[in-house]
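Enquirer: Got a structure for you, questions after.
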Amino acid sequence: MKARFLIPLVIFLVLVVFLAIGLTRDPRDVPSVLINKEAPVISLPSLYDESQIVSSETMKGRVWLVNVWGTWCPECWREHDFLMYLKNEGVPIVGIDWRDDSDDAKKMLAQQGNPFIAVGIDPESKAVMDWGVYGAPETFLIDKKGFIRWKHTGGLNAELWRNELKPLMAQLEAE
Amino acid sequence: MIPELGHIALILALCMALVQSIIPLVGAHKGIASWVAVAKPAAQANLLFMVIAYGCLTYSFLVHDFSVSYVAHNSNTALPTLYLISGVWGAHEGSLLFWALTLSLWTGAVTVFSRSVPDVMVARVVGVMGLVTVGFLLFMLLTSNPFERLINVPAEGRELNPLLQDPGLAIHPPMLYMGYVGFSVAFAFAIAAMLGGRLDAAWARWSRPWTNVAWVFLTLGIALGSWWAYYELGWGGWWFWDPVENASFMPWIVGTALMHSLAVTEKRGAFKAWTVLLAIFAFSLSLLGTFLVRSGVLTSVHAFATDPSRGVFILIFLGTVIGGSLLLYSWRAAQIKSTVKFDIVSRETGLLLNNVILVVTACSVLLGTLYPLILDALGAGKISVGPPYFNSVFVPLTVPLAFLVGIGALMRWKQDDGQKLFKRLIPHFVISVALGLIAPAVFAPTYSLGAALGVGLATWIILTSTQWLLDRNTAGRGLLQTIRNTPRGGWGMLFGHAGIAIFIIGVSLTSIYSVEKDVRLEPGQDYELGGYVFHFQGVENFRGPNYVGAKGTINISKDGEHVVTVSPEKRNYSTGMPMTEAGIDAGLTRDLFVALGEPLGDDGAWAVRLYHKPFVRWIWLGCIFMSLGGLLAASDRRYFKLARKTRLAENESTVGAA
């Protein structure tokens, strides 16, 4: 076997190594930069009364969740029941209704229950851009000082709650 | 029920693919005729189950079965039927199903149209394609099942990505996939030839028409994508060097090199090892494209929703297929003894240069595409490589290539007389240079050396191609007779090269002479651009089937004469994603292009983007010519004749061996 015929194979193997390293990194994982940083200020008109402002200021000193959702998002419908469960557990959740029709959103919350303590509407992705959201649902955990401590892309579920979110929230409450 | 049937069909297709790959390959290796005979029926059964699976998913879309997760995520009841059908390949799982279906279609085609190829060879080809099918079906069934059900059935589905709701883009992915996957045939022939230990001219002859057809699909697919980007994105651009565009462009470049290299291997028996390597590269780059799009290692407007486990799977698959092929190559290629000699002035040299330039081009595109990823992996930070890199690398490489197009075809095989060739070419060269230098001065608003280069190169290609045709006019035959006697392969080359000339004109003149303006226009206001007056009448709101839109009306006139009225649109789909439909008046020598920006203030004023783009149509016209060339070459009669002859000889030798 002549060595020169192995050259393509060797080059390819080097490429595979780089691709494998590339896989372990997420080029979209820009929001991870936000973790342990101060949360962007939310200041959005309320779903139920657009003259009212839903603001993150009122949440200072509490451990709370921001949930980005929309009626157009099937994964959000799936997540909804679990959010209701979290509400009963006493978790404060502020919803951001993203790129949505307000009437549809109100109808969905009326039919399936409203897990949120307040819902801001963001039809033009103004706030959502600051948070680096690229899909719904997405959830952020904010601590008492207003820092983002955890985030999850995709629907929340019992397993995540048990293994990650609940212990972390208990720890943050104690801080 | 239907989705479960589809799921079962998919599993059965996997079983058939396993049969299709293992039994014929072992049979061919051990010389068991009955095992070899399994190849064709197994491949056809695999195709049947794939069609059933695909039909089931399409049916689920048509009846709005939102209990299927994929259907709920990618369609809703308001979606027009056309986009229900094209929605099937609109996202990751479905497009993967489509990919696998395409692979089965190509395999099926091989079993039907290769009656003239020896059975052992067909068995190996089908077997290799079966192995690739197994990989894709496993990928689908293990990580991305399109038939997955939702536990809570939603009442309404989500919106299909509005970008895909356009007839041009609806057929763009199928064309691309046909091209991508089509290279698997040339790949399988190369691997089969290596497995059989017979790397001669025969495999090259068999795979040439397949490669041409795959290349035609890829050319059309890329052209459609570019055309779509032009009228839909509203930026007036036609190519953006986006990683996913590059993912389709790299196999195209290498495929082009492969077509030329196959010619040398078939006609002269030279470049044997190199051609095999190119066949492996072309398909590997198709697979790499799939990996880049679906694994999420690169960001792009095209990237599908990603999931690391999928990335790992594709990477392992990629490593097995490409690594295995290259290992086989390193073993077999070393055994090839090439005894073919050729002079420095010969068509072989021309085609070698063609190959070298094309492969270097493909490598630089690959480097530019992967550079951000490599830097990130080395911990050097996140960067992005944009059009400046690609343009500065691409142009210097393609200019000599275009120049070579003219010379290469005129050179003789084996050896040519350099002086004679020079004498024949010099008049064409002088005319091309003169025309190139004069044309911009006469016709263009401003003089540009780039335009002179473009026109000169295009003239050069056209003139030398005509010379090639005239050179066939020997022994006192009339021109008409010459035209009739020129084989389709020859016409294919002429059309392909003419396509390049047209393409060069389009690219150079558009990129140099386009003018664009972003202006604020109030209803009733005029704006002049490129000699045309754009009169803005205003914008009206309207409601489409699944979006609300604003439609502008702009009257365009020249020298006081009304030319055309265009109606650009701005649409808001229910996902909130705004889409631009540009208003375009297409013309052979210029496009007038109007896109709506944002409304400004309350008096009906809008930000409007106006373009005057000379010769932009020629870009796609060139692609159409190239595709025609590919089709003509693929339909050359001699493939059928020669292949039949080989079969007779082969069958005798197989019988003798057994």
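The chains in the structure tokens are called A, B, ... from first to last as shown; in each chain the residues are counted from 1, and the ligands are counted from 1 in the order shown.
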Residues of chain A within 6 Å of chain B, counting only C-alpha atoms, what are they? List them as a PDB file with N, CA and C atoms, in the first residue's frame.
Expert:
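Printed below is result19.pdb as written:
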```pdb
ATOM      1  N   MET A   1       0.847  -1.199   0.000  1.00  0.00           N
ATOM      2  CA  MET A   1       0.000   0.000   0.000  1.00  0.00           C
ATOM      3  C   MET A   1       0.880   1.246   0.000  1.00  0.00           C
ATOM      4  N   LYS A   2       0.727   2.030  -1.039  1.00  0.00           N
ATOM      5  CA  LYS A   2       1.546   3.237  -1.106  1.00  0.00           C
ATOM      6  C   LYS A   2       0.959   4.324  -0.213  1.00  0.00           C
ATOM      7  N   PHE A   5      -1.673   7.158  -1.327  1.00  0.00           N
ATOM      8  CA  PHE A   5      -3.099   6.890  -1.484  1.00  0.00           C
ATOM      9  C   PHE A   5      -3.847   6.972  -0.155  1.00  0.00           C
ATOM     10  N   LEU A   6      -3.091   7.074   0.923  1.00  0.00           N
ATOM     11  CA  LEU A   6      -3.739   7.216   2.236  1.00  0.00           C
ATOM     12  C   LEU A   6      -4.021   8.679   2.574  1.00  0.00           C
ATOM     13  N   LEU A   9      -7.608   9.813   3.040  1.00  0.00           N
ATOM     14  CA  LEU A   9      -8.188   9.260   4.265  1.00  0.00           C
ATOM     15  C   LEU A   9      -7.738  10.061   5.484  1.00  0.00           C
ATOM     16  N   ILE A  21     -15.719  17.888  17.232  1.00  0.00           N
ATOM     17  CA  ILE A  21     -15.614  18.959  18.226  1.00  0.00           C
ATOM     18  C   ILE A  21     -16.730  19.983  17.983  1.00  0.00           C
ATOM     19  N   GLY A  22     -16.973  20.261  16.677  1.00  0.00           N
ATOM     20  CA  GLY A  22     -18.024  21.210  16.329  1.00  0.00           C
ATOM     21  C   GLY A  22     -19.371  20.797  16.884  1.00  0.00           C
ATOM     22  N   LEU A  23     -19.604  19.478  16.920  1.00  0.00           N
ATOM     23  CA  LEU A  23     -20.878  18.974  17.410  1.00  0.00           C
ATOM     24  C   LEU A  23     -21.090  19.289  18.886  1.00  0.00           C
ATOM     25  N   TRP A  72     -49.517  29.514  18.592  1.00  0.00           N
ATOM     26  CA  TRP A  72     -49.172  28.873  17.322  1.00  0.00           C
ATOM     27  C   TRP A  72     -48.196  27.727  17.516  1.00  0.00           C
ATOM     28  N   ARG A  99     -45.343  36.893  19.274  1.00  0.00           N
ATOM     29  CA  ARG A  99     -45.824  36.906  17.889  1.00  0.00           C
ATOM     30  C   ARG A  99     -47.195  36.269  17.785  1.00  0.00           C
TER      31      ARG A  99
END
```
Enquirer: What's the 10 Å shell around Ala136 (chain A), counting only C-alpha atoms, without same-chain residues fewer than 6 positions away, as a ChimeraX atom specification?
Expert: /A:67-70,72-76,97-98,153-155
Enquirer: Which residues are near Gln415 (chain B)? Cut-off 6 Å, only C-alpha atoms, ignore same chain within fewer than 2 positions. Put them as a list in words.
Expert: Asp343, Val345, Ser346 and Trp413 of chain B
Enquirer: Could you turn the residues from that selection into a file that holds C-alpha atoms, as an mmCIF file, in the first residue's frame?
Expert:
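Below is the file that was written, again-v5.cif:
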```cif
data_model
loop_
_atom_site.group_PDB
_atom_site.id
_atom_site.type_symbol
_atom_site.label_atom_id
_atom_site.label_comp_id
_atom_site.auth_asym_id
_atom_site.auth_seq_id
_atom_site.Cartn_x
_atom_site.Cartn_y
_atom_site.Cartn_z
ATOM 1 C CA ASP B 343 1.867 14.911 -24.157
ATOM 2 C CA VAL B 345 -0.105 19.714 -25.175
ATOM 3 C CA SER B 346 -3.126 17.436 -25.260
ATOM 4 C CA TRP B 413 -6.360 13.554 -27.233
#
```
Enquirer: Please determine, counting only C-alpha atoms, which residue among B:Glu581, B:Asp65, B:Asp559, B:Glu348 has the shortest atom-to-atom distance to Trp228 (chain B).
Expert: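 Checking each of B:Glu581, B:Asp65, B:Asp559, B:Glu348 against Trp228 (chain B), counting only C-alpha atoms, the winner is B:Glu581.
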Enquirer: Tell me which of B:Ala201, B:Leu218, B:Met411, B:Ile426 sits closest to Arg268 (chain B), counting only C-alpha atoms.
Expert: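 So, comparing all the options, the nearest one is B:Ala201.
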Enquirer: Which of these residues is nearest to Ile42 (chain A), using only C-alpha atoms: A:Tyr85, A:Trp161, A:Trp131, A:Trp150?
Expert: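 Once distances to Ile42 (chain A) are computed over only C-alpha atoms, the minimum belongs to A:Trp131.
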Enquirer: Pick out the residues sitting within 7 Å of region 458-467 of chain B, and hand them over as an MDAnalysis selection string; count only C-alpha atoms, and ignore anything fewer than 3 positions along from it in its own chain.
Expert: chainID B and resid 405:406 428:429 432 454:455 470:471 494 497:498 501:502 504:505
Enquirer: CA of Arg520 (chain B) and CA of Trp606 (chain B) are how many Å apart?
Expert: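 Distance between the two atoms: 5.7 Å.
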Enquirer: What's the 12 Å shell around Ile22 (chain B), counting only C-alpha atoms, without same-chain residues fewer than 3 positions away, as a PDB file with all heavy atoms, in the first residue's frame?
Expert:
```
ATOM      1  N   CYS B  15     -35.588  -3.441   6.276  1.00  0.00           N
ATOM      2  CA  CYS B  15     -35.276  -4.863   6.145  1.00  0.00           C
ATOM      3  C   CYS B  15     -34.862  -5.183   4.720  1.00  0.00           C
ATOM      4  O   CYS B  15     -33.876  -5.892   4.476  1.00  0.00           O
ATOM      5  CB  CYS B  15     -36.494  -5.714   6.522  1.00  0.00           C
ATOM      6  SG  CYS B  15     -37.007  -5.462   8.212  1.00  0.00           S
ATOM      7  N   MET B  16     -35.634  -4.638   3.749  1.00  0.00           N
ATOM      8  CA  MET B  16     -35.305  -4.895   2.355  1.00  0.00           C
ATOM      9  C   MET B  16     -33.930  -4.322   2.020  1.00  0.00           C
ATOM     10  O   MET B  16     -33.165  -4.920   1.273  1.00  0.00           O
ATOM     11  CB  MET B  16     -36.353  -4.268   1.427  1.00  0.00           C
ATOM     12  CG  MET B  16     -37.657  -5.025   1.261  1.00  0.00           C
ATOM     13  SD  MET B  16     -37.629  -6.778   1.580  1.00  0.00           S
ATOM     14  CE  MET B  16     -36.808  -7.394   0.154  1.00  0.00           C
ATOM     15  N   ALA B  17     -33.629  -3.156   2.582  1.00  0.00           N
ATOM     16  CA  ALA B  17     -32.332  -2.537   2.286  1.00  0.00           C
ATOM     17  C   ALA B  17     -31.200  -3.421   2.813  1.00  0.00           C
ATOM     18  O   ALA B  17     -30.148  -3.548   2.179  1.00  0.00           O
ATOM     19  CB  ALA B  17     -32.259  -1.146   2.901  1.00  0.00           C
ATOM     20  N   LEU B  18     -31.432  -4.045   3.980  1.00  0.00           N
ATOM     21  CA  LEU B  18     -30.416  -4.947   4.525  1.00  0.00           C
ATOM     22  C   LEU B  18     -30.207  -6.133   3.580  1.00  0.00           C
ATOM     23  O   LEU B  18     -29.071  -6.501   3.263  1.00  0.00           O
ATOM     24  CB  LEU B  18     -30.834  -5.442   5.914  1.00  0.00           C
ATOM     25  CG  LEU B  18     -30.614  -4.442   7.051  1.00  0.00           C
ATOM     26  CD1 LEU B  18     -31.335  -4.884   8.308  1.00  0.00           C
ATOM     27  CD2 LEU B  18     -29.120  -4.297   7.324  1.00  0.00           C
ATOM     28  N   VAL B  19     -31.333  -6.698   3.116  1.00  0.00           N
ATOM     29  CA  VAL B  19     -31.245  -7.815   2.171  1.00  0.00           C
ATOM     30  C   VAL B  19     -30.526  -7.362   0.917  1.00  0.00           C
ATOM     31  O   VAL B  19     -29.610  -8.023   0.405  1.00  0.00           O
ATOM     32  CB  VAL B  19     -32.667  -8.310   1.820  1.00  0.00           C
ATOM     33  CG1 VAL B  19     -32.596  -9.344   0.699  1.00  0.00           C
ATOM     34  CG2 VAL B  19     -33.342  -8.885   3.045  1.00  0.00           C
ATOM     35  N   LEU B  25     -23.855  -8.366  -2.195  1.00  0.00           N
ATOM     36  CA  LEU B  25     -22.422  -8.090  -2.041  1.00  0.00           C
ATOM     37  C   LEU B  25     -21.662  -9.378  -1.736  1.00  0.00           C
ATOM     38  O   LEU B  25     -20.614  -9.648  -2.316  1.00  0.00           O
ATOM     39  CB  LEU B  25     -22.185  -7.047  -0.947  1.00  0.00           C
ATOM     40  CG  LEU B  25     -22.466  -5.597  -1.350  1.00  0.00           C
ATOM     41  CD1 LEU B  25     -22.271  -4.654  -0.177  1.00  0.00           C
ATOM     42  CD2 LEU B  25     -21.576  -5.168  -2.510  1.00  0.00           C
ATOM     43  N   VAL B  26     -22.229 -10.166  -0.816  1.00  0.00           N
ATOM     44  CA  VAL B  26     -21.585 -11.444  -0.496  1.00  0.00           C
ATOM     45  C   VAL B  26     -21.629 -12.351  -1.716  1.00  0.00           C
ATOM     46  O   VAL B  26     -20.626 -12.990  -2.074  1.00  0.00           O
ATOM     47  CB  VAL B  26     -22.288 -12.111   0.714  1.00  0.00           C
ATOM     48  CG1 VAL B  26     -21.740 -13.503   0.939  1.00  0.00           C
ATOM     49  CG2 VAL B  26     -22.100 -11.257   1.953  1.00  0.00           C
ATOM     50  N   GLY B  27     -22.795 -12.372  -2.377  1.00  0.00           N
ATOM     51  CA  GLY B  27     -22.957 -13.211  -3.559  1.00  0.00           C
ATOM     52  C   GLY B  27     -21.950 -12.865  -4.638  1.00  0.00           C
ATOM     53  O   GLY B  27     -21.345 -13.756  -5.254  1.00  0.00           O
ATOM     54  N   ALA B  28     -21.754 -11.557  -4.854  1.00  0.00           N
ATOM     55  CA  ALA B  28     -20.815 -11.126  -5.892  1.00  0.00           C
ATOM     56  C   ALA B  28     -19.394 -11.514  -5.510  1.00  0.00           C
ATOM     57  O   ALA B  28     -18.576 -11.872  -6.351  1.00  0.00           O
ATOM     58  CB  ALA B  28     -20.915  -9.617  -6.098  1.00  0.00           C
ATOM     59  N   HIS B  29     -19.110 -11.445  -4.213  1.00  0.00           N
ATOM     60  CA  HIS B  29     -17.763 -11.760  -3.745  1.00  0.00           C
ATOM     61  C   HIS B  29     -17.467 -13.252  -3.880  1.00  0.00           C
ATOM     62  O   HIS B  29     -16.397 -13.657  -4.307  1.00  0.00           O
ATOM     63  CB  HIS B  29     -17.622 -11.310  -2.287  1.00  0.00           C
ATOM     64  CG  HIS B  29     -16.251 -11.519  -1.736  1.00  0.00           C
ATOM     65  ND1 HIS B  29     -15.165 -10.813  -2.213  1.00  0.00           N
ATOM     66  CD2 HIS B  29     -15.782 -12.352  -0.781  1.00  0.00           C
ATOM     67  CE1 HIS B  29     -14.086 -11.200  -1.558  1.00  0.00           C
ATOM     68  NE2 HIS B  29     -14.429 -12.137  -0.693  1.00  0.00           N
ATOM     69  N   TRP B  35     -27.547 -15.529  -5.337  1.00  0.00           N
ATOM     70  CA  TRP B  35     -27.498 -14.409  -4.394  1.00  0.00           C
ATOM     71  C   TRP B  35     -27.377 -13.084  -5.156  1.00  0.00           C
ATOM     72  O   TRP B  35     -27.953 -12.082  -4.771  1.00  0.00           O
ATOM     73  CB  TRP B  35     -26.325 -14.576  -3.427  1.00  0.00           C
ATOM     74  CG  TRP B  35     -26.571 -15.650  -2.404  1.00  0.00           C
ATOM     75  CD1 TRP B  35     -27.344 -16.760  -2.558  1.00  0.00           C
ATOM     76  CD2 TRP B  35     -26.040 -15.697  -1.074  1.00  0.00           C
ATOM     77  NE1 TRP B  35     -27.320 -17.508  -1.413  1.00  0.00           N
ATOM     78  CE2 TRP B  35     -26.525 -16.882  -0.481  1.00  0.00           C
ATOM     79  CE3 TRP B  35     -25.188 -14.879  -0.329  1.00  0.00           C
ATOM     80  CZ2 TRP B  35     -26.203 -17.247   0.816  1.00  0.00           C
ATOM     81  CZ3 TRP B  35     -24.865 -15.242   0.965  1.00  0.00           C
ATOM     82  CH2 TRP B  35     -25.373 -16.419   1.535  1.00  0.00           C
ATOM     83  N   VAL B  36     -26.588 -13.135  -6.236  1.00  0.00           N
ATOM     84  CA  VAL B  36     -26.444 -11.945  -7.059  1.00  0.00           C
ATOM     85  C   VAL B  36     -27.805 -11.528  -7.615  1.00  0.00           C
ATOM     86  O   VAL B  36     -28.142 -10.346  -7.682  1.00  0.00           O
ATOM     87  CB  VAL B  36     -25.442 -12.206  -8.208  1.00  0.00           C
ATOM     88  CG1 VAL B  36     -25.531 -11.129  -9.274  1.00  0.00           C
ATOM     89  CG2 VAL B  36     -24.029 -12.285  -7.652  1.00  0.00           C
ATOM     90  N   VAL B  38     -30.595 -11.616  -6.316  1.00  0.00           N
ATOM     91  CA  VAL B  38     -31.493 -10.997  -5.323  1.00  0.00           C
ATOM     92  C   VAL B  38     -31.474  -9.475  -5.443  1.00  0.00           C
ATOM     93  O   VAL B  38     -32.449  -8.800  -5.120  1.00  0.00           O
ATOM     94  CB  VAL B  38     -31.071 -11.431  -3.896  1.00  0.00           C
ATOM     95  CG1 VAL B  38     -31.819 -10.638  -2.843  1.00  0.00           C
ATOM     96  CG2 VAL B  38     -31.304 -12.910  -3.717  1.00  0.00           C
ATOM     97  N   ALA B  39     -30.359  -8.919  -5.966  1.00  0.00           N
ATOM     98  CA  ALA B  39     -30.163  -7.458  -5.947  1.00  0.00           C
ATOM     99  C   ALA B  39     -31.361  -6.691  -6.495  1.00  0.00           C
ATOM    100  O   ALA B  39     -31.918  -5.824  -5.815  1.00  0.00           O
ATOM    101  CB  ALA B  39     -28.891  -7.109  -6.719  1.00  0.00           C
ATOM    102  N   ALA B  42     -34.837  -7.089  -4.645  1.00  0.00           N
ATOM    103  CA  ALA B  42     -34.760  -6.512  -3.297  1.00  0.00           C
ATOM    104  C   ALA B  42     -34.790  -4.996  -3.374  1.00  0.00           C
ATOM    105  O   ALA B  42     -35.492  -4.329  -2.600  1.00  0.00           O
ATOM    106  CB  ALA B  42     -33.493  -6.986  -2.590  1.00  0.00           C
ATOM    107  N   ALA B  43     -34.044  -4.434  -4.337  1.00  0.00           N
ATOM    108  CA  ALA B  43     -34.017  -2.978  -4.466  1.00  0.00           C
ATOM    109  C   ALA B  43     -35.396  -2.459  -4.849  1.00  0.00           C
ATOM    110  O   ALA B  43     -35.844  -1.412  -4.367  1.00  0.00           O
ATOM    111  CB  ALA B  43     -32.985  -2.573  -5.515  1.00  0.00           C
ATOM    112  N   ALA B 123     -25.160  -5.957  -9.144  1.00  0.00           N
ATOM    113  CA  ALA B 123     -25.386  -6.439  -7.780  1.00  0.00           C
ATOM    114  C   ALA B 123     -24.537  -5.637  -6.796  1.00  0.00           C
ATOM    115  O   ALA B 123     -25.005  -5.240  -5.726  1.00  0.00           O
ATOM    116  CB  ALA B 123     -25.044  -7.920  -7.688  1.00  0.00           C
ATOM    117  N   ARG B 124     -23.283  -5.378  -7.164  1.00  0.00           N
ATOM    118  CA  ARG B 124     -22.410  -4.621  -6.265  1.00  0.00           C
ATOM    119  C   ARG B 124     -22.906  -3.183  -6.123  1.00  0.00           C
ATOM    120  O   ARG B 124     -22.954  -2.639  -5.019  1.00  0.00           O
ATOM    121  CB  ARG B 124     -20.984  -4.629  -6.799  1.00  0.00           C
ATOM    122  CG  ARG B 124     -20.289  -5.974  -6.602  1.00  0.00           C
ATOM    123  CD  ARG B 124     -18.775  -5.783  -6.563  1.00  0.00           C
ATOM    124  NE  ARG B 124     -18.137  -7.042  -6.201  1.00  0.00           N
ATOM    125  CZ  ARG B 124     -17.565  -7.856  -7.085  1.00  0.00           C
ATOM    126  NH1 ARG B 124     -17.562  -7.541  -8.372  1.00  0.00           N
ATOM    127  NH2 ARG B 124     -16.990  -8.972  -6.683  1.00  0.00           N
ATOM    128  N   VAL B 125     -23.289  -2.577  -7.269  1.00  0.00           N
ATOM    129  CA  VAL B 125     -23.768  -1.190  -7.231  1.00  0.00           C
ATOM    130  C   VAL B 125     -25.008  -1.090  -6.337  1.00  0.00           C
ATOM    131  O   VAL B 125     -25.084  -0.254  -5.438  1.00  0.00           O
ATOM    132  CB  VAL B 125     -24.081  -0.683  -8.661  1.00  0.00           C
ATOM    133  CG1 VAL B 125     -24.793   0.650  -8.613  1.00  0.00           C
ATOM    134  CG2 VAL B 125     -22.802  -0.569  -9.466  1.00  0.00           C
ATOM    135  N   VAL B 126     -25.958  -1.983  -6.593  1.00  0.00           N
ATOM    136  CA  VAL B 126     -27.197  -1.977  -5.808  1.00  0.00           C
ATOM    137  C   VAL B 126     -26.882  -2.238  -4.337  1.00  0.00           C
ATOM    138  O   VAL B 126     -27.459  -1.615  -3.440  1.00  0.00           O
ATOM    139  CB  VAL B 126     -28.178  -3.023  -6.374  1.00  0.00           C
ATOM    140  CG1 VAL B 126     -29.320  -3.276  -5.419  1.00  0.00           C
ATOM    141  CG2 VAL B 126     -28.705  -2.563  -7.724  1.00  0.00           C
ATOM    142  N   GLY B 127     -25.924  -3.148  -4.100  1.00  0.00           N
ATOM    143  CA  GLY B 127     -25.545  -3.452  -2.721  1.00  0.00           C
ATOM    144  C   GLY B 127     -24.973  -2.241  -2.007  1.00  0.00           C
ATOM    145  O   GLY B 127     -25.356  -1.938  -0.865  1.00  0.00           O
ATOM    146  N   VAL B 128     -24.084  -1.512  -2.677  1.00  0.00           N
ATOM    147  CA  VAL B 128     -23.481  -0.327  -2.057  1.00  0.00           C
ATOM    148  C   VAL B 128     -24.563   0.725  -1.774  1.00  0.00           C
ATOM    149  O   VAL B 128     -24.621   1.303  -0.686  1.00  0.00           O
ATOM    150  CB  VAL B 128     -22.377   0.254  -2.967  1.00  0.00           C
ATOM    151  CG1 VAL B 128     -21.902   1.593  -2.435  1.00  0.00           C
ATOM    152  CG2 VAL B 128     -21.210  -0.714  -3.051  1.00  0.00           C
ATOM    153  N   MET B 129     -25.457   0.910  -2.758  1.00  0.00           N
ATOM    154  CA  MET B 129     -26.523   1.880  -2.532  1.00  0.00           C
ATOM    155  C   MET B 129     -27.441   1.421  -1.401  1.00  0.00           C
ATOM    156  O   MET B 129     -27.963   2.229  -0.637  1.00  0.00           O
ATOM    157  CB  MET B 129     -27.314   2.113  -3.826  1.00  0.00           C
ATOM    158  CG  MET B 129     -26.462   2.803  -4.882  1.00  0.00           C
ATOM    159  SD  MET B 129     -27.315   3.064  -6.426  1.00  0.00           S
ATOM    160  CE  MET B 129     -28.193   4.563  -6.085  1.00  0.00           C
ATOM    161  N   GLY B 130     -27.597   0.090  -1.304  1.00  0.00           N
ATOM    162  CA  GLY B 130     -28.399  -0.455  -0.212  1.00  0.00           C
ATOM    163  C   GLY B 130     -27.787  -0.126   1.141  1.00  0.00           C
ATOM    164  O   GLY B 130     -28.495   0.218   2.091  1.00  0.00           O
ATOM    165  N   LEU B 131     -26.452  -0.194   1.227  1.00  0.00           N
ATOM    166  CA  LEU B 131     -25.784   0.127   2.499  1.00  0.00           C
ATOM    167  C   LEU B 131     -26.050   1.577   2.897  1.00  0.00           C
ATOM    168  O   LEU B 131     -26.336   1.873   4.069  1.00  0.00           O
ATOM    169  CB  LEU B 131     -24.277  -0.100   2.364  1.00  0.00           C
ATOM    170  CG  LEU B 131     -23.819  -1.563   2.387  1.00  0.00           C
ATOM    171  CD1 LEU B 131     -22.333  -1.655   2.134  1.00  0.00           C
ATOM    172  CD2 LEU B 131     -24.177  -2.210   3.724  1.00  0.00           C
ATOM    173  N   VAL B 132     -25.984   2.474   1.899  1.00  0.00           N
ATOM    174  CA  VAL B 132     -26.269   3.879   2.200  1.00  0.00           C
ATOM    175  C   VAL B 132     -27.721   4.025   2.666  1.00  0.00           C
ATOM    176  O   VAL B 132     -28.018   4.737   3.632  1.00  0.00           O
ATOM    177  CB  VAL B 132     -25.985   4.765   0.965  1.00  0.00           C
ATOM    178  CG1 VAL B 132     -26.284   6.209   1.273  1.00  0.00           C
ATOM    179  CG2 VAL B 132     -24.544   4.600   0.516  1.00  0.00           C
ATOM    180  N   VAL B 134     -29.532   1.785   4.162  1.00  0.00           N
ATOM    181  CA  VAL B 134     -29.631   1.271   5.532  1.00  0.00           C
ATOM    182  C   VAL B 134     -29.260   2.380   6.520  1.00  0.00           C
ATOM    183  O   VAL B 134     -29.969   2.629   7.498  1.00  0.00           O
ATOM    184  CB  VAL B 134     -28.698   0.051   5.728  1.00  0.00           C
ATOM    185  CG1 VAL B 134     -28.581  -0.298   7.199  1.00  0.00           C
ATOM    186  CG2 VAL B 134     -29.224  -1.141   4.952  1.00  0.00           C
TER     187      VAL B 134
END
```
Enquirer: Please compute the CA of Ala257 (chain B)-CA of Pro427 (chain B) distance, one decimal, in Å.
Expert: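 Distance between the two atoms: 28.8 Å.
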Enquirer: Identify, on the basis of only C-alpha atoms, every residue whose closest approach to Thr139 (chain A) does not exceed 6 Å; exclude the query and any residue fewer than 5 positions from it along the same chain; express the result as number ranges by chain.
Expert: A: 66-67, 151-152
Enquirer: Which residues are close to Ser508 (chain B), i.e. within 10 Å by only C-alpha atoms, leaving aside same-chain residues fewer than 4 positions away? Reply as a PyMOL selection string.
Expert: chain B and resi 450-455+503-504+512-513+614-616+619
Enquirer: I need the strand (DSSP E or B) residues of region 23-156 of chain A per DSSP on the backbone, written as a PyMOL selection string.
Expert: chain A and resi 38+43-46+53-55+64-69+93-98+118-122+138-142+147-153
Enquirer: Separation of CA of Gly196 (chain B) and CA of Lys272 (chain B), in Å?
Expert: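 Going from CA of Gly196 (chain B) over to CA of Lys272 (chain B) covers 14.6 Å.
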Enquirer: So which one's closest to Pro115 (chain A), A:Arg62, A:Lys145, A:Arg4, A:Lys87? Using only C-alpha atoms, please.
Expert: A:Lys87
